[in-house]
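Peer 1: Submitted below is the structure of interest, expressed as structure tokens.
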Number of protein chains: 2
Amino acid sequence: MKLYGYWRSSAAYRVRIALNLKQLVAEQVSVHLVNNGGEQHSEMFAALNPQQLVPAFVDSNDDGEFCLTQSMAIIEYLEEQYPQSPLLPKTPKDRAIVRAMAQSIACEIHPLDNLRVLQFLVKEMGVDEEAKMKWYHHWIHIGFKALESQMKTYSGKYCFGDTPTLVDLCLIPQVYNAKRFNVDLTDYPNILRVWTYCNQQPAFADAAPEQQADAT
Amino acid sequence: MKLYGYWRSSAAYRVRIALNLKQLVAEQVSVHLVNNGGEQHSEMFAALNPQQLVPAFVDSNDDGEFCLTQSMAIIEYLEEQYPQSPLLPKTPKDRAIVRAMAQSIACEIHPLDNLRVLQFLVKEMGVDEEAKMKWYHHWIHIGFKALESQMKTYSGKYCFGDTPTLVDLCLIPQVYNAKRFNVDLTDYPNILRVWTYCNQQPAFADAAPEQQADAT
């Protein structure tokens, strides 16, 4: 198995945590998102993933190797194919709640605040640094406010109960990212509590950006 | 079952198609996204969905009624709970490909081009109409270019093979939306072919915005 990622990519970080929790080992291949105009746009990588985004994940079956894309789809694949340490609860209702909490980050925060969007705002929309930060902070606060409210109902040691789920895989990278951009998170005590707890667990700690071979 | 939606919401449109394909009937409750500053921000609706977004979906089990949010989570729930007319293929590999193609819309296009983001660009970022359109078109083209390339490999009558999947549920509302914003789609023959075919099927046609009771 091979994971094409980048140390600071939140989406690759999610998959690294999933692999660690399931005790799966994948060769890590670094795709530098900034150098050379972004190595994800290289011909070689675009052939692997036409979306030109990390992560991309290579696994194999009886028919040979194949490449999967989109972190949430990769994690659902890992969940179906390698069911140890499940990342989704058992009942359809609880699974839907966990997927929705995860998507409140993966579909409502991360797509707006990721590198390529911030680059487009600055380079193509002529937005200045202050407005860029306003944009970044806005979507974090909107999303975290709703998630914090759901965590009041559902969280235990983790975002949903006392075992790690898909929500934690999305939350921890998003908090890492928010802290880089100096977002004040004091209004989100449940988010901060779970973030602290997760980072004490080896599966999360070993997946952290600074622990990756391509970290600079 | 109850679906809180809005005729022009792409995410609610996805769920309407899923319900139709599975021949499930849900009471439709309209939440007007523009009137009164957006009825999704009302106290009543925020209690139902702290994210203050449509769709929200109410179903019940032995313990009573419960409310689910996030269109992709709702559709996965419908798929698990009501397996007739499956929206995902059988093998984990194919399921991952379908989920990734769907997420290339749900996580890479729609979050950037939906109403609240366009409103924020204009009202809070001071972006003018021309720049707003540039933004809108950019993310459609980036996303559709990649999807078109995947559809060359995987599409049949539908985006993935000859039966409708999660990808079609995401694509048809996104094309509807892109056409509203006058995006030129001639570079995407596979997308246009599937779009035309889907709209000839009652499950898709009946879910179209203009067919909804709250359409104006």
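In the structure tokens, chains take letters A, B, ... by order of appearance, with residues numbered from 1 within each chain and ligands from 1 in the order shown.
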Show me a table, sorted first by chain and then by increasing residue number, of the residues of chain B having an atom at most 7 Å from chain A, each with its shortest atom pair and the distance in Å to one decimal, counting only C-alpha atoms and written as JSON lines.
Peer 2:
{"residue": "B:Pro50", "atom": "CA", "partner": "A:Ala146", "partner_atom": "CA", "distance": 5.1}
{"residue": "B:Gln51", "atom": "CA", "partner": "A:Ala146", "partner_atom": "CA", "distance": 5.1}
{"residue": "B:Leu68", "atom": "CA", "partner": "A:Ile97", "partner_atom": "CA", "distance": 6.5}
{"residue": "B:Thr69", "atom": "CA", "partner": "A:Ala100", "partner_atom": "CA", "distance": 5.9}
{"residue": "B:Gln70", "atom": "CA", "partner": "A:Ala100", "partner_atom": "CA", "distance": 5.2}
{"residue": "B:Ala73", "atom": "CA", "partner": "A:Ala96", "partner_atom": "CA", "distance": 5.2}
{"residue": "B:Ile74", "atom": "CA", "partner": "A:Ala96", "partner_atom": "CA", "distance": 6.5}
{"residue": "B:Tyr77", "atom": "CA", "partner": "A:Ala96", "partner_atom": "CA", "distance": 5.7}
{"residue": "B:Glu80", "atom": "CA", "partner": "A:Pro92", "partner_atom": "CA", "distance": 6.5}
{"residue": "B:Gln81", "atom": "CA", "partner": "A:Pro92", "partner_atom": "CA", "distance": 6.7}
{"residue": "B:Pro92", "atom": "CA", "partner": "A:Tyr77", "partner_atom": "CA", "distance": 5.9}
{"residue": "B:Ala96", "atom": "CA", "partner": "A:Ala73", "partner_atom": "CA", "distance": 5.2}
{"residue": "B:Ile97", "atom": "CA", "partner": "A:Leu68", "partner_atom": "CA", "distance": 6.5}
{"residue": "B:Arg99", "atom": "CA", "partner": "A:Ala73", "partner_atom": "CA", "distance": 5.4}
{"residue": "B:Ala100", "atom": "CA", "partner": "A:Gln70", "partner_atom": "CA", "distance": 5.2}
{"residue": "B:Gln103", "atom": "CA", "partner": "A:Gln70", "partner_atom": "CA", "distance": 6.9}
{"residue": "B:Ala106", "atom": "CA", "partner": "A:Cys107", "partner_atom": "CA", "distance": 6.8}
{"residue": "B:Cys107", "atom": "CA", "partner": "A:Cys107", "partner_atom": "CA", "distance": 5.0}
{"residue": "B:Glu108", "atom": "CA", "partner": "A:Pro111", "partner_atom": "CA", "distance": 6.2}
{"residue": "B:Pro111", "atom": "CA", "partner": "A:Glu108", "partner_atom": "CA", "distance": 6.2}
{"residue": "B:Leu112", "atom": "CA", "partner": "A:Leu112", "partner_atom": "CA", "distance": 6.2}
{"residue": "B:Met125", "atom": "CA", "partner": "A:Ala131", "partner_atom": "CA", "distance": 6.9}
{"residue": "B:Ala131", "atom": "CA", "partner": "A:Met125", "partner_atom": "CA", "distance": 6.9}
{"residue": "B:Ala146", "atom": "CA", "partner": "A:Gln51", "partner_atom": "CA", "distance": 5.1}
{"residue": "B:Ser149", "atom": "CA", "partner": "A:Pro50", "partner_atom": "CA", "distance": 6.9}
Peer 1: For a quick check: superposing chain B on chain A using all C-alpha atoms in order, what RMSD comes out?
Peer 2: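 RMSD over all C-alpha atoms: 0.0 Å.
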Peer 1: Select from stretch 157-197 of chain B everything DSSP, run on the backbone, classes as helix (DSSP H, G or I), then give the selection as a PyMOL selection string.
Peer 2: chain B and resi 166-180+189-197
Peer 1: Can you work out the spacing between atom CA of B:Ser10 and atom CA of B:Pro55 in Å, to one decimal?
Peer 2: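 Straight-line distance from atom CA of B:Ser10 to atom CA of B:Pro55 works out to 9.3 Å.
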Peer 1: Residues of chain B classed as strand (DSSP E or B) by DSSP on the backbone are to be reported as a list in words.
Peer 2: Lys2, Leu3, Tyr4, Gly5, Glu27, Gln28, Val29, Ser30, Ala56, Phe57, Val58, Asp59, Ser60, Asn61, Gly64, Glu65, Phe66, Cys67, Leu68, Thr69, Ser155 and Gly161 of chain B
Peer 1: Which one is closest to A:Leu21: A:Met44, A:Leu166, A:Val194, A:Ile140? Count only C-alpha atoms.
Peer 2: A:Leu166
